[in-house]
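Undergrad: Before we start, here is the structure in question, set down as C-alpha coordinates.
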Amino acid sequence: MAGKPVRPVNAIDQTRRMLSLVTYLRERPGARIEDVARAFGITEDELVSDLDVLPMCGTSFRGGDLLDIDTDGERIWWHNPAALGADAAEPLRLAADEATALLVAARAVATLPGLRESDRQALLRATAKVETAAGEAAGASSRLSVTFESEGGVFADVDRAIAERRRLWIRYYSPARDEVTEREIDPIRLVSVGHTYVEAWCRRSEARRTFRLDRVAEIKILDEPSAPPEVELRDLSEGLVQPSAEDPEVVVEVGPGGRWVAEYYPHDSADELPDGGLRITLRTPDPASLKRLALRLGRDGRIVEPQELAESARRAAREALEAYDGAGAAG
(Lines give C-alpha, C1' and ligand atoms only; values in the text may rest on other atoms or scores of the structure.)
Protein backbone atom coordinates (compact mmCIF):
# COMPACT_ATOMS: atom_id res chain seq x y z
CA MET A 1 0.00 0.00 0.00
CA ALA A 2 1.32 3.43 -0.90
CA GLY A 3 2.22 5.71 1.99
CA LYS A 4 0.34 8.86 2.94
CA PRO A 5 1.46 11.99 1.10
CA VAL A 6 3.57 14.48 2.97
CA ARG A 7 1.63 17.65 3.68
CA PRO A 8 3.27 20.66 2.01
CA VAL A 9 4.52 23.37 4.35
CA ASN A 10 3.52 26.98 3.69
CA ALA A 11 6.33 29.18 5.05
CA ILE A 12 4.09 32.21 5.55
CA ASP A 13 1.48 30.23 7.50
CA GLN A 14 4.20 28.55 9.58
CA THR A 15 5.70 31.95 10.47
CA ARG A 16 2.29 33.29 11.50
CA ARG A 17 1.68 30.16 13.57
CA MET A 18 5.01 30.44 15.39
CA LEU A 19 4.44 34.11 16.20
CA SER A 20 1.04 33.18 17.66
CA LEU A 21 2.65 30.25 19.46
CA VAL A 22 4.95 32.61 21.41
CA THR A 23 1.97 34.55 22.80
CA TYR A 24 0.00 31.37 23.44
CA LEU A 25 2.79 29.71 25.45
CA ARG A 26 3.61 32.86 27.39
CA GLU A 27 0.02 32.92 28.69
CA ARG A 28 -0.12 29.16 29.40
CA PRO A 29 2.90 27.93 31.37
CA GLY A 30 3.09 24.14 31.43
CA ALA A 31 0.62 23.74 28.53
CA ARG A 32 0.08 20.16 27.38
CA ILE A 33 1.55 19.31 23.98
CA GLU A 34 -1.62 17.59 22.77
CA ASP A 35 -3.76 20.60 23.77
CA VAL A 36 -1.49 23.10 22.00
CA ALA A 37 -1.30 20.97 18.83
CA ARG A 38 -5.10 20.66 18.77
CA ALA A 39 -5.54 24.41 19.26
CA PHE A 40 -3.31 25.17 16.26
CA GLY A 41 -4.69 22.36 14.05
CA ILE A 42 -1.30 20.65 13.63
CA THR A 43 0.25 17.33 14.63
CA GLU A 44 2.27 16.93 17.80
CA ASP A 45 5.35 16.22 15.65
CA GLU A 46 4.86 19.54 13.82
CA LEU A 47 4.52 21.34 17.15
CA VAL A 48 7.73 19.76 18.48
CA SER A 49 9.45 20.84 15.25
CA ASP A 50 8.33 24.43 15.91
CA LEU A 51 9.58 24.16 19.49
CA ASP A 52 13.01 23.13 18.15
CA VAL A 53 13.17 26.41 16.21
CA LEU A 54 11.84 28.84 18.83
CA PRO A 55 14.91 28.58 21.13
CA MET A 56 16.94 30.07 18.27
CA CYS A 57 14.75 33.21 18.33
CA GLY A 58 14.99 36.23 20.57
CA THR A 59 15.98 39.87 20.83
CA SER A 60 19.62 39.07 20.01
CA PHE A 61 22.03 36.15 19.97
CA ARG A 62 23.48 36.95 23.36
CA GLY A 63 22.99 34.52 26.21
CA GLY A 64 19.72 35.07 28.06
CA ASP A 65 18.06 36.92 25.18
CA LEU A 66 17.00 33.78 23.28
CA LEU A 67 13.72 32.08 24.13
CA ASP A 68 14.35 29.38 26.73
CA ILE A 69 11.54 26.97 25.82
CA ASP A 70 11.66 23.21 26.35
CA THR A 71 9.38 20.21 26.80
CA ASP A 72 9.40 17.04 28.86
CA GLY A 73 7.44 15.20 26.17
CA GLU A 74 4.05 16.01 27.68
CA ARG A 75 4.16 19.68 28.68
CA ILE A 76 5.85 22.83 27.42
CA TRP A 77 7.76 25.19 29.71
CA TRP A 78 8.99 28.72 29.00
CA HIS A 79 11.70 29.55 31.56
CA ASN A 80 12.46 33.16 30.60
CA PRO A 81 9.28 34.84 29.31
CA ALA A 82 10.67 38.16 30.53
CA ALA A 83 13.27 37.94 27.73
CA LEU A 84 10.72 39.60 25.46
CA GLY A 85 9.72 42.22 28.01
CA ALA A 86 9.97 45.91 27.16
CA ASP A 87 12.87 46.44 29.56
CA ALA A 88 14.75 43.22 28.87
CA ALA A 89 16.74 44.04 25.76
CA GLU A 90 19.61 46.47 25.28
CA PRO A 91 19.35 49.09 22.51
CA LEU A 92 19.51 47.35 19.17
CA ARG A 93 22.47 48.08 16.92
CA LEU A 94 22.29 46.79 13.35
CA ALA A 95 25.13 46.18 10.94
CA ALA A 96 24.59 47.28 7.31
CA ASP A 97 23.68 43.79 6.11
CA GLU A 98 21.32 43.28 9.06
CA ALA A 99 19.56 46.59 8.38
CA THR A 100 19.18 45.73 4.70
CA ALA A 101 17.73 42.29 5.45
CA LEU A 102 15.33 43.69 8.05
CA LEU A 103 14.05 46.49 5.79
CA VAL A 104 13.56 44.21 2.77
CA ALA A 105 11.66 41.70 4.91
CA ALA A 106 9.52 44.41 6.53
CA ARG A 107 8.52 45.90 3.18
CA ALA A 108 7.68 42.43 1.84
CA VAL A 109 5.48 41.58 4.84
CA ALA A 110 3.70 44.94 4.47
CA THR A 111 2.45 43.81 1.04
CA LEU A 112 0.80 40.63 2.34
CA PRO A 113 -2.94 40.71 1.50
CA GLY A 114 -3.82 38.93 4.75
CA LEU A 115 -2.38 41.74 6.88
CA ARG A 116 -4.90 43.92 8.71
CA GLU A 117 -4.67 47.60 7.80
CA SER A 118 -3.87 48.69 11.37
CA ASP A 119 -1.01 46.17 11.48
CA ARG A 120 0.21 47.32 8.07
CA GLN A 121 0.36 50.96 9.17
CA ALA A 122 2.17 50.01 12.39
CA LEU A 123 4.71 48.02 10.38
CA LEU A 124 5.28 50.90 7.96
CA ARG A 125 5.86 53.31 10.87
CA ALA A 126 8.37 50.90 12.40
CA THR A 127 10.07 50.50 9.02
CA ALA A 128 10.45 54.27 8.69
CA LYS A 129 12.13 54.43 12.13
CA VAL A 130 14.57 51.67 11.15
CA GLU A 131 15.39 53.53 7.91
CA THR A 132 16.18 56.68 9.89
CA ALA A 133 18.33 54.78 12.38
CA ALA A 134 20.16 52.84 9.65
CA GLY A 135 21.14 55.98 7.74
CA GLU A 136 23.22 55.19 4.64
CA ALA A 137 22.84 51.45 5.25
CA ALA A 138 19.15 51.75 4.33
CA GLY A 139 20.02 52.76 0.77
CA ALA A 140 20.80 49.23 -0.43
CA SER A 141 17.46 47.91 0.78
CA SER A 142 15.54 50.22 -1.57
CA ARG A 143 17.04 48.39 -4.55
CA LEU A 144 15.80 44.97 -3.39
CA SER A 145 12.31 43.53 -3.16
CA VAL A 146 10.57 40.30 -2.22
CA THR A 147 7.01 39.26 -3.10
CA PHE A 148 4.79 36.47 -1.77
CA GLU A 149 2.25 34.37 -3.67
CA SER A 150 -1.25 34.34 -2.19
CA GLU A 151 -4.95 34.28 -3.05
CA GLY A 152 -4.91 38.09 -2.95
CA GLY A 153 -8.04 39.96 -1.97
CA VAL A 154 -9.99 36.82 -1.10
CA PHE A 155 -7.55 36.00 1.69
CA ALA A 156 -7.66 39.57 2.97
CA ASP A 157 -11.48 39.66 3.01
CA VAL A 158 -11.77 36.30 4.77
CA ASP A 159 -9.16 37.29 7.35
CA ARG A 160 -10.96 40.59 7.97
CA ALA A 161 -14.36 38.87 8.26
CA ILE A 162 -12.96 36.45 10.87
CA ALA A 163 -11.39 39.32 12.85
CA GLU A 164 -14.58 41.43 12.73
CA ARG A 165 -16.95 38.45 13.14
CA ARG A 166 -18.90 39.25 9.96
CA ARG A 167 -20.69 37.04 7.45
CA LEU A 168 -19.42 36.53 3.90
CA TRP A 169 -21.22 36.20 0.57
CA ILE A 170 -19.31 34.20 -2.04
CA ARG A 171 -19.70 32.87 -5.55
CA TYR A 172 -17.90 29.53 -5.43
CA TYR A 173 -16.86 27.08 -8.14
CA SER A 174 -17.39 23.41 -7.27
CA PRO A 175 -15.31 21.16 -9.58
CA ALA A 176 -17.20 18.04 -8.48
CA ARG A 177 -20.45 19.48 -9.90
CA ASP A 178 -18.81 21.80 -12.44
CA GLU A 179 -20.97 24.73 -11.34
CA VAL A 180 -20.76 28.10 -9.63
CA THR A 181 -23.07 28.66 -6.66
CA GLU A 182 -23.85 31.63 -4.42
CA ARG A 183 -23.58 31.11 -0.67
CA GLU A 184 -23.55 33.01 2.60
CA ILE A 185 -21.03 31.63 5.06
CA ASP A 186 -19.95 32.32 8.63
CA PRO A 187 -16.14 31.93 8.55
CA ILE A 188 -14.55 29.95 11.38
CA ARG A 189 -10.83 29.77 10.51
CA LEU A 190 -8.27 29.80 7.70
CA VAL A 191 -6.33 26.58 7.18
CA SER A 192 -3.48 25.62 4.88
CA VAL A 193 -3.23 22.03 3.63
CA GLY A 194 -1.40 22.34 0.32
CA HIS A 195 -3.82 25.14 -0.68
CA THR A 196 -5.43 27.75 1.56
CA TYR A 197 -9.02 27.12 2.69
CA VAL A 198 -11.63 28.78 4.85
CA GLU A 199 -13.56 26.50 7.16
CA ALA A 200 -17.03 27.97 7.64
CA TRP A 201 -20.66 27.35 8.48
CA CYS A 202 -22.56 27.35 5.16
CA ARG A 203 -26.03 28.92 5.47
CA ARG A 204 -27.14 27.27 2.24
CA SER A 205 -26.45 23.68 3.34
CA GLU A 206 -26.79 24.37 7.10
CA ALA A 207 -23.56 22.45 7.71
CA ARG A 208 -19.85 23.00 8.15
CA ARG A 209 -18.05 23.24 4.82
CA THR A 210 -14.50 23.95 3.63
CA PHE A 211 -13.92 26.31 0.68
CA ARG A 212 -10.68 26.61 -1.30
CA LEU A 213 -9.79 30.28 -1.69
CA ASP A 214 -8.60 30.07 -5.29
CA ARG A 215 -12.06 28.74 -6.27
CA VAL A 216 -13.87 31.79 -4.89
CA ALA A 217 -15.00 33.74 -7.96
CA GLU A 218 -16.40 36.71 -6.01
CA ILE A 219 -16.57 37.70 -2.35
CA LYS A 220 -18.29 40.38 -0.25
CA ILE A 221 -18.15 41.13 3.46
CA LEU A 222 -21.73 41.53 4.71
CA ASP A 223 -23.06 43.71 7.53
CA GLU A 224 -24.67 40.70 9.23
CA PRO A 225 -22.70 39.32 12.17
CA SER A 226 -21.08 35.93 11.77
CA ALA A 227 -22.70 33.44 14.13
CA PRO A 228 -21.53 29.90 13.40
CA PRO A 229 -22.81 27.23 15.79
CA GLU A 230 -20.36 25.87 18.34
CA VAL A 231 -18.40 23.18 16.49
CA GLU A 232 -15.36 21.19 17.50
CA LEU A 233 -12.39 22.09 15.31
CA ARG A 234 -11.25 19.12 13.27
CA ASP A 235 -7.74 17.73 13.46
CA LEU A 236 -6.45 18.28 9.92
CA SER A 237 -3.09 16.59 10.47
CA GLU A 238 -4.19 13.61 8.35
CA GLY A 239 -5.32 15.84 5.49
CA LEU A 240 -8.37 17.88 4.56
CA VAL A 241 -10.43 14.99 3.22
CA GLN A 242 -11.09 12.38 5.90
CA PRO A 243 -13.67 9.81 4.72
CA SER A 244 -15.98 8.18 7.23
CA ALA A 245 -16.43 4.43 7.63
CA GLU A 246 -20.11 5.00 6.83
CA ASP A 247 -19.38 6.57 3.41
CA PRO A 248 -20.15 4.50 0.28
CA GLU A 249 -17.34 2.24 -0.94
CA VAL A 250 -15.88 2.67 -4.43
CA VAL A 251 -13.44 0.35 -6.20
CA VAL A 252 -11.10 1.78 -8.86
CA GLU A 253 -8.61 -0.18 -10.98
CA VAL A 254 -5.67 1.75 -12.40
CA GLY A 255 -2.77 0.83 -14.65
CA PRO A 256 0.89 1.73 -13.99
CA GLY A 257 0.20 5.28 -15.20
CA GLY A 258 -2.55 5.74 -12.62
CA ARG A 259 -0.74 4.59 -9.47
CA TRP A 260 -0.63 8.24 -8.34
CA VAL A 261 -4.29 7.90 -7.31
CA ALA A 262 -3.21 5.87 -4.25
CA GLU A 263 -0.91 8.72 -3.20
CA TYR A 264 -3.48 11.51 -3.50
CA TYR A 265 -6.73 9.83 -2.40
CA PRO A 266 -7.23 8.42 1.13
CA HIS A 267 -8.09 4.74 0.69
CA ASP A 268 -8.81 1.55 2.63
CA SER A 269 -6.65 -0.72 0.48
CA ALA A 270 -4.48 -0.74 -2.64
CA ASP A 271 -3.79 -4.24 -4.01
CA GLU A 272 -1.22 -4.93 -6.70
CA LEU A 273 -2.45 -6.08 -10.13
CA PRO A 274 -0.46 -8.34 -12.51
CA ASP A 275 0.07 -5.52 -15.03
CA GLY A 276 1.74 -3.27 -12.45
CA GLY A 277 -1.43 -1.36 -11.63
CA LEU A 278 -3.51 -1.21 -8.47
CA ARG A 279 -7.02 -2.15 -7.35
CA ILE A 280 -7.91 0.67 -4.95
CA THR A 281 -10.79 0.61 -2.49
CA LEU A 282 -11.80 3.97 -1.06
CA ARG A 283 -14.75 5.71 0.55
CA THR A 284 -16.34 9.04 -0.31
CA PRO A 285 -19.51 10.85 0.78
CA ASP A 286 -20.08 11.85 -2.88
CA PRO A 287 -19.26 8.93 -5.23
CA ALA A 288 -20.48 10.92 -8.25
CA SER A 289 -17.53 13.27 -7.80
CA LEU A 290 -15.21 10.43 -8.85
CA LYS A 291 -16.53 10.57 -12.42
CA ARG A 292 -14.11 13.42 -13.03
CA LEU A 293 -11.30 11.19 -11.77
CA ALA A 294 -12.33 8.47 -14.24
CA LEU A 295 -12.32 10.98 -17.12
CA ARG A 296 -8.90 12.24 -16.06
CA LEU A 297 -7.48 8.72 -15.92
CA GLY A 298 -8.72 7.82 -19.41
CA ARG A 299 -7.10 4.54 -20.40
CA ASP A 300 -5.04 4.47 -17.20
CA GLY A 301 -7.98 3.54 -15.00
CA ARG A 302 -11.66 2.76 -14.56
CA ILE A 303 -14.31 2.59 -11.86
CA VAL A 304 -15.28 -1.03 -11.12
CA GLU A 305 -17.82 -0.72 -8.32
CA PRO A 306 -20.56 0.25 -7.71
CA GLN A 307 -21.95 -0.74 -11.09
CA GLU A 308 -24.22 2.32 -11.35
CA LEU A 309 -21.26 4.67 -10.91
CA ALA A 310 -19.13 2.65 -13.35
CA GLU A 311 -21.82 2.91 -16.04
CA SER A 312 -22.33 6.62 -15.34
CA ALA A 313 -18.58 7.23 -15.77
CA ARG A 314 -18.54 5.28 -19.07
CA ARG A 315 -21.51 7.29 -20.31
CA ALA A 316 -19.81 10.57 -19.38
CA ALA A 317 -16.67 9.45 -21.25
CA ARG A 318 -18.68 8.58 -24.37
CA GLU A 319 -20.46 11.94 -24.29
CA ALA A 320 -17.17 13.78 -23.88
CA LEU A 321 -15.64 11.87 -26.81
CA GLU A 322 -18.68 12.54 -29.00
CA ALA A 323 -18.55 16.24 -28.17
CA TYR A 324 -14.84 16.30 -29.02
CA ASP A 325 -15.41 14.50 -32.34
CA GLY A 326 -18.28 16.84 -33.18
CA ALA A 327 -16.14 19.89 -32.54
CA GLY A 328 -13.39 18.45 -34.75
CA ALA A 329 -15.81 17.78 -37.59
CA ALA A 330 -17.23 21.29 -37.33
CA GLY A 331 -13.74 22.75 -37.58
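Each chain in the C-alpha coordinates gets a letter, A, B and so on, in the order shown; residues start at 1 in every chain, and ligands are counted from 1 in the order they appear.
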Which residues, written as a list of chain:residue names, have at least one atom at most 10 Å from Pro187 (chain A), with only C-alpha atoms counted and residues fewer than 3 positions away on the same chain left out?
TA: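 Listing them by chain and then by number gives A:Val158, A:Asp159, A:Ala161, A:Ile162, A:Ala163, A:Arg165, A:Arg166, A:Arg167, A:Leu168, A:Glu184, A:Leu190, A:Val198, A:Glu199, A:Ala200, A:Trp201, A:Cys202, A:Arg208, A:Arg209, A:Thr210, A:Phe211, A:Ser226, A:Ala227, A:Pro228.
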Undergrad: Generate the output file for the selected residues, N, CA, C and O atoms, as a short mmCIF file (atom, residue, chain, number, x, y, z; two decimals), in the first residue's frame.
TA:
data_model
loop_
_atom_site.label_atom_id
_atom_site.label_comp_id
_atom_site.auth_asym_id
_atom_site.auth_seq_id
_atom_site.Cartn_x
_atom_site.Cartn_y
_atom_site.Cartn_z
N VAL A 158 -11.44 37.36 3.82
CA VAL A 158 -11.77 36.30 4.77
C VAL A 158 -11.14 36.59 6.12
O VAL A 158 -11.78 36.47 7.17
N ASP A 159 -9.86 36.99 6.11
CA ASP A 159 -9.16 37.29 7.35
C ASP A 159 -9.84 38.44 8.09
O ASP A 159 -10.00 38.40 9.32
N ALA A 161 -13.04 39.33 7.79
CA ALA A 161 -14.36 38.87 8.26
C ALA A 161 -14.23 38.06 9.54
O ALA A 161 -15.06 38.18 10.45
N ILE A 162 -13.18 37.23 9.64
CA ILE A 162 -12.96 36.45 10.87
C ILE A 162 -12.65 37.40 12.03
O ILE A 162 -13.18 37.24 13.13
N ALA A 163 -11.78 38.39 11.78
CA ALA A 163 -11.39 39.32 12.85
C ALA A 163 -12.58 40.15 13.32
O ALA A 163 -12.71 40.43 14.52
N ARG A 165 -15.79 39.31 12.89
CA ARG A 165 -16.95 38.45 13.14
C ARG A 165 -18.13 38.85 12.25
O ARG A 165 -19.26 39.08 12.71
N ARG A 166 -17.86 38.89 10.93
CA ARG A 166 -18.90 39.25 9.96
C ARG A 166 -19.10 38.13 8.95
O ARG A 166 -18.19 37.36 8.65
N ARG A 167 -20.31 38.08 8.42
CA ARG A 167 -20.69 37.04 7.45
C ARG A 167 -20.14 37.39 6.08
O ARG A 167 -19.93 38.56 5.75
N LEU A 168 -19.93 36.36 5.27
CA LEU A 168 -19.42 36.53 3.90
C LEU A 168 -20.43 36.02 2.88
O LEU A 168 -21.13 35.03 3.13
N GLU A 184 -23.93 32.18 1.46
CA GLU A 184 -23.55 33.01 2.60
C GLU A 184 -22.93 32.10 3.64
O GLU A 184 -23.49 31.05 3.98
N LEU A 190 -9.05 30.07 8.91
CA LEU A 190 -8.27 29.80 7.70
C LEU A 190 -7.34 28.64 7.98
O LEU A 190 -6.74 28.56 9.05
N VAL A 198 -10.90 28.23 3.72
CA VAL A 198 -11.63 28.78 4.85
C VAL A 198 -12.64 27.73 5.30
O VAL A 198 -13.42 27.20 4.49
N GLU A 199 -12.57 27.39 6.57
CA GLU A 199 -13.56 26.50 7.16
C GLU A 199 -14.68 27.38 7.69
O GLU A 199 -14.42 28.36 8.41
N ALA A 200 -15.93 27.07 7.33
CA ALA A 200 -17.03 27.97 7.64
C ALA A 200 -18.33 27.19 7.82
O ALA A 200 -18.44 26.02 7.45
N TRP A 201 -19.31 27.88 8.41
CA TRP A 201 -20.66 27.35 8.48
C TRP A 201 -21.42 27.89 7.28
O TRP A 201 -21.58 29.09 7.12
N CYS A 202 -21.88 26.97 6.39
CA CYS A 202 -22.56 27.35 5.16
C CYS A 202 -24.05 27.49 5.45
O CYS A 202 -24.71 26.52 5.86
N ARG A 208 -21.22 22.51 8.25
CA ARG A 208 -19.85 23.00 8.15
C ARG A 208 -19.27 22.58 6.80
O ARG A 208 -19.39 21.43 6.39
N ARG A 209 -18.64 23.51 6.12
CA ARG A 209 -18.05 23.24 4.82
C ARG A 209 -16.66 23.90 4.75
O ARG A 209 -16.36 24.82 5.51
N THR A 210 -15.84 23.40 3.84
CA THR A 210 -14.50 23.95 3.63
C THR A 210 -14.40 24.44 2.19
O THR A 210 -14.70 23.69 1.26
N PHE A 211 -13.97 25.70 2.00
CA PHE A 211 -13.92 26.31 0.68
C PHE A 211 -12.48 26.70 0.34
O PHE A 211 -11.81 27.36 1.13
N SER A 226 -21.34 37.36 11.95
CA SER A 226 -21.08 35.93 11.77
C SER A 226 -21.43 35.21 13.06
O SER A 226 -20.97 35.60 14.13
N ALA A 227 -22.26 34.17 12.93
CA ALA A 227 -22.70 33.44 14.13
C ALA A 227 -22.72 31.95 13.86
O ALA A 227 -23.79 31.31 13.86
N PRO A 228 -21.55 31.34 13.62
CA PRO A 228 -21.53 29.90 13.40
C PRO A 228 -21.86 29.15 14.68
O PRO A 228 -21.53 29.62 15.78
#
Undergrad: Show me, as a PyMOL selection string, the residues that have an atom within 8 Å of Asp157 (chain A) when counting only C-alpha atoms, minus same-chain residues fewer than 2 positions from it.
TA: chain A and resi 114+153-155+159-161+219-221
Undergrad: With distances taken over only C-alpha atoms, which residue among A:Val36, A:Val130, A:Leu213, A:Val48 lies nearest Tyr173 (chain A)?
TA: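 Counting only C-alpha atoms, the residue closest to Tyr173 (chain A) is A:Leu213.
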Undergrad: Can you work out which one of A:Ile185, A:Glu218, A:Pro248, A:Leu103 has the shortest atom-to-atom distance to Glu206 (chain A), counting only C-alpha atoms?
TA: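 Of the candidates, the smallest distance to Glu206 (chain A) is held by A:Ile185.
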Undergrad: Which residue is closest to Val254 (chain A)? Choose from A:Glu272, A:Glu224, A:Glu230, A:Asp300 and count only C-alpha atoms.
TA: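 The shortest atom-to-atom distance to Val254 (chain A) comes from A:Asp300.
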Undergrad: Which polymer residues have any atom within 9 Å of an atom of region 18-31 of chain A, counting only C-alpha atoms, with same-chain residues fewer than 3 positions away left out, as a PyMOL selection string?
TA: chain A and resi 13-15+34-36+40+50-51+54+71+74-79+81
Undergrad: How far is it from CA of Leu47 (chain A) to CA of Tyr265 (chain A), in Å with one decimal?
TA: 25.3 Å
Undergrad: Measure the distance from CA of Ala317 (chain A) to CA of Arg296 (chain A) in Å and round it to one decimal.
TA: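 Between CA of Ala317 (chain A) and CA of Arg296 (chain A) the gap works out to 9.7 Å.
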Undergrad: Of the residues A:Asp214, A:Leu282, A:Asp72, A:Arg302, which is the one nearest to Ile33 (chain A), using only C-alpha atoms?
TA: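 With only C-alpha atoms as the atom set, the closest residue is A:Asp72.
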Undergrad: Counting only C-alpha atoms, figure out which residue out of A:Ala122, A:Ile42, A:Leu293, A:Leu233 gets nearest to Gly258 (chain A).
TA: A:Leu293
Undergrad: Check the smallest atom-to-atom distance from each of A:His195, A:Arg212, A:Gly255, A:Asp247 to Asp275 (chain A) using only C-alpha atoms, then report the winner.
TA: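 Looking at the shortest contact to Asp275 (chain A), the residue is A:Gly255.
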